[in-house]
Structures are given as structure tokens and as C-alpha cells.
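I have placed the structure first, in the form of C-alpha cells, so that the comments after it can refer back to it.
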Amino acid sequence: MSSEQGSKNLGSYLLVAPTLVVVVVFLVLPLLLVLRVSFLHHVPLGYTNQPTLENYGFVFTNEGVRNTLAFTLETASIVTAVSLLLAYPVAYFLARKVKSFTLKTGFLVFLLIPFWIDFTTRSLAWIPWLGTQGIINDALLAIGAINQPATIFLYSSFAMDLVMVQAYTLFMVAPLFISMSKIDPILYEAAQTLGASRLRTFLHINLRLTLPGMGIGCVFVFLSSLADFATPKLIGGLVTSIGELIKDNVTFINLPNASAISALVVVIALAVLVLTFRLTHVEQIFE
């Protein structure tokens with residue numbers, strides 16, 4: 001019996017082995033390399049093997065880096081919160097109101113359509129809508145809401161947040177939909193029988209049982225927004241994100257500073273991941 005169990009375990013490990021190899025080679029090893037470079041001394045056009053902590057000193061003491069990191073974290077938090085507010089009703093509608101499996105599938109495919117297009121193209125497609133001569137400004141001018149084209153709709157923090165929300169909201173919808181689909185309808189019937197109001201039913205059934213889905217969705221959206229440097233560059237105008245700052249350091253061949261900033265972002269991402277998963281009991285979604 002033990003040998004048979006051992007054979008099953010070996011077979012399971014062999015199935016997982018290719019994925020582990022890919023993760024180690026293309027994720028773990030590059031991260032370790034970045035961490036190593038972050039402790040090396042920067043010289044023009046490269047770095048030496050002399051270990052130093054000056055790169056982290058620069059990261060923690062430079063006001064520009066601190067402000068950029070704070071702005072990026074604020075942006076990621078706003079995008080995550082707005083995406084959650086938009087995604088929750090959509091997921092609830094798909095899970096509770098749409099009874100036909102075919103219709104549910106159709107709605108999900110419809111939500112996936114934007115992802116058939118390249119991310120950069122999707123971002124640039126907002127410019128005809130948000131520009132000073134765009135559709136939104138033309139409409140507001142036509143109804144007399146504004147006297148001259150508003151510049152807030154493009155090359156601003158507002159425009160950047162809007163495009164990020166559009167890009168990442170689906171990552172919030174999917175886990176919420178899965179969580180809501182797993183809620184037993186008999187719980188709603190029991191709550192109604194016991195005289196619970198709609199608000200109490202929502203707080204004690206929907207909200208509590210969808211916390212794992214909310215956790216996964218928030219992690220996906222927050223980390224995607226944190227790492228996004230294309231949208232701030234294309235839509236944000238003069239806005240600088242932490243990803244843009246890393247890219248600039250790489251462009252000027254200051255790899256130690258870029259690595260130190262990257263290491264800090266990875267630590268923040270891991271902290272957010274662990275904290276969110278602990279608070280929302282994400283393991284329940286896989287049960």
C-alpha cells in the first residue's frame with residue numbers, strides 16, 4: 001500500500017515538475033539576480049562587484065523616489081477600490097440573476113473582448129475619447145456644460161486611473177463571480193425565512209462568503225496597477241510611476257539603483273499578497 005502511495009506521489013511531483021522548472025528559471029533566478037545587483041556599486045556604464053548599501057540608502061532617502069512610490073501606491077489603491085465597486089454588481093448579476101449557463105458564458109466572453117486587443121492599442125484608443133478635441137469634450141461643449149475643452153480628461157492622473165480601471169476590472173469580476181457561484185442558494189432562503197433584511201443578508205452571506213474572491217481580485221488589480229508603467233507613460237502625461245522610474249534607471253544604465261527600487265516593489269507586493277490572503281482566507285475559494 002505504501003509503495004502504491006509513493007508511486008502516486010511521484011507521479012504528482014512529475015506532473016508539477018515542468019511548471020516548477022519554469023518558475024525557478026524564469027522567475028526565482030531573475031529575482032535573485034536583481035537582488036544581487038541591488039547590493040553592488042554603481043559606476044558609469046555598469047557596476048562593480050564591490051558590495052554596498054548605498055543603493056538602498058538612495059531609495060529610502062531620495063524624496064523623488066519616495067514621492068513616486070507613494071503616488072504609485074495611491075494610484076493602485078484607487079484603481080483597486082473603484083474596480084471592486086464596479087465589479088461587485090457585475091459579478092452578482094452574473095452569478096445570481098442570470099440563470100442560463102449559455103447567457104453567463106456569453107456575458108463573460110463579451111467582457112473578454114477587450115483582451116483580444118493589444119494592451120497598448122487599448123490604451124491609445126482612449127485618446128479620441130479623452131482628448132481636448134475628443135468625443136467627451138465635444139459632447140460637453142455641445143450641451144454647454146463647459147466653455148472650453150477640459151484638459152483633465154487626458155494626460156492627467158484622472159485619465160490614467162480611468163484607463164487602468166477599464167483594463168483591470170475584469171480581473172476583479174472573475175474571482176468574485178467564482179465566489180458568488182459557490183454560495184448555496186439555500187442560505188438566502190434560510191435568511192429570508194428568519195426575517196433577515198436585505199442588508200443583513202448581504203453583510204452576513206454575500207460579503208462574508210465572497211471575501212476570498214475579493215482578496216484574489218484586489219491582489220490581481222493592485223499588483224497589476226503597481227507594476228503598470230505603460231499607462232502612465234501613454235495616458236498620464238507628466239505623471240511618473242515607480243515602473244517608469246525603474247525604466248529610466250535602466251535606460252541610463254544605473255542597474256544597481258533600478259534593482260534596489262525593484263526589490264523594494266517586490267517586498268511591498270509580497271507584503272500586500274500575504275496580508276490580503278490572510279485577512280480574506282483565500283484558501284476557501286479552492287475548497
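Scheme for the C-alpha cells: letters A, B, ... for chains in order shown; per-chain residue numbers from 1; ligand numbers from 1 in order shown.
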
Can you list every residue of region 245-275 of chain A that has an atom at most 12 Å from region 73-79 of chain A, with its nearest atom pair and the distance in Å to one decimal, using only C-alpha atoms, ordered by chain then number, as JSON lines?
{"residue": "A:Val265", "atom": "CA", "partner": "A:Leu73", "partner_atom": "CA", "distance": 10.0}
{"residue": "A:Ile268", "atom": "CA", "partner": "A:Leu73", "partner_atom": "CA", "distance": 9.6}
{"residue": "A:Ala269", "atom": "CA", "partner": "A:Leu73", "partner_atom": "CA", "distance": 10.4}
{"residue": "A:Val272", "atom": "CA", "partner": "A:Leu73", "partner_atom": "CA", "distance": 11.0}

Output of the above residues as an mmCIF file, in the first residue's frame, restricted to N, CA and C atoms:
data_model
loop_
_atom_site.group_PDB
_atom_site.id
_atom_site.type_symbol
_atom_site.label_atom_id
_atom_site.label_comp_id
_atom_site.auth_asym_id
_atom_site.auth_seq_id
_atom_site.Cartn_x
_atom_site.Cartn_y
_atom_site.Cartn_z
ATOM 1 N N VAL A 265 9.825 47.160 -4.493
ATOM 2 C CA VAL A 265 8.488 46.918 -5.032
ATOM 3 C C VAL A 265 8.074 45.465 -4.825
ATOM 4 N N ILE A 268 7.056 45.018 -1.211
ATOM 5 C CA ILE A 268 5.728 45.597 -0.996
ATOM 6 C C ILE A 268 4.655 44.680 -1.576
ATOM 7 N N ALA A 269 4.895 44.151 -2.772
ATOM 8 C CA ALA A 269 3.934 43.254 -3.409
ATOM 9 C C ALA A 269 3.719 41.994 -2.580
ATOM 10 N N VAL A 272 1.650 42.873 0.547
ATOM 11 C CA VAL A 272 0.232 43.034 0.198
ATOM 12 C C VAL A 272 -0.409 41.675 -0.052
#

- Message: Can you tell me which residues surround Lys233 (chain A) at a distance of at most 10 Å, considering only C-alpha atoms, apart from same-chain residues fewer than 5 positions away, and format the answer as an NGL selection string?
- Response: :A and (155 or 160 or 228 or 238-241 or 243-244)

- Task: Skip Val165 (chain A) itself and residues of its chain fewer than 3 positions away, then list as a VMD selection string all residues within 8 Å of it, counting only C-alpha atoms.
- Result: chain A and resid 79 to 80 82 to 83 161 to 162 168 to 169

- Task: Go ahead and compute the interatomic distance for CA of Ser262 (chain A) and CA of Val59 (chain A), in Å to one decimal.
- Result: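 Distance between the two atoms: 10.2 Å.
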
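For the set A:Thr48, A:Ala230, A:Phe252, A:Leu211, the residue with the smallest atom-to-atom gap to Leu279 (chain A) is A:Leu211, counting only C-alpha atoms.
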
- What separation in Å, quoted to one decimal, exists between CA of Gln50 (chain A) and CA of Val37 (chain A)? 10.2 Å

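Our summary of the geometry notes that CA of Gln166 (chain A) is positioned 21.3 Å from CA of Gln133 (chain A).
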
- Message: Need to verify the contact set: Val43 (chain A), 12 Å, only C-alpha atoms, exclusion of same-chain residues closer than 6 positions in sequence. Can you return it as a list of chain:residue names?
- Response: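 Within the cut-off, the hits are A:Asn49, A:Gln50, A:Asn55, A:Phe252, A:Ile253, A:Asn254, A:Leu255, A:Pro256, A:Asn257.
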
- What residues in region 87-151 of chain A get the DSSP label alpha helix (DSSP H)? Please answer as number ranges by chain. A: 87-92, 101-112, 119-124, 127-130, 135-142

- Task: Show which residues sit within 8 Å of Leu84 (chain A), as a list in words. Count only C-alpha atoms, and ignore same-chain residues fewer than 2 positions away.
- Result: Thr80, Ala81, Val82, Leu86, Ala87, Tyr88, Thr169, Met172, Met214, Gly217 and Cys218 of chain A

- Contacts of Val282 (chain A) within 7 Å, only C-alpha atoms, excl. fewer than 6 positions in-chain, as a ChimeraX atom specification: /A:212,215-216

Would you write out those residues with C-alpha atoms, as a short mmCIF file (atom, residue, chain, number, x, y, z; two decimals), in the first residue's frame?
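Done, and the output landed in out_10.cif:
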data_model
loop_
_atom_site.label_atom_id
_atom_site.label_comp_id
_atom_site.auth_asym_id
_atom_site.auth_seq_id
_atom_site.Cartn_x
_atom_site.Cartn_y
_atom_site.Cartn_z
CA PRO A 212 -11.85 35.11 -0.77
CA GLY A 215 -8.98 39.09 -1.85
CA ILE A 216 -7.81 37.47 -5.08
#

- Proximity to Ala191 (chain A) - best of A:Ser259, A:Phe119, A:Asn206, A:Gly11, only C-alpha atoms: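 Ranking A:Ser259, A:Phe119, A:Asn206, A:Gly11 by distance to Ala191 (chain A), first place goes to A:Asn206.
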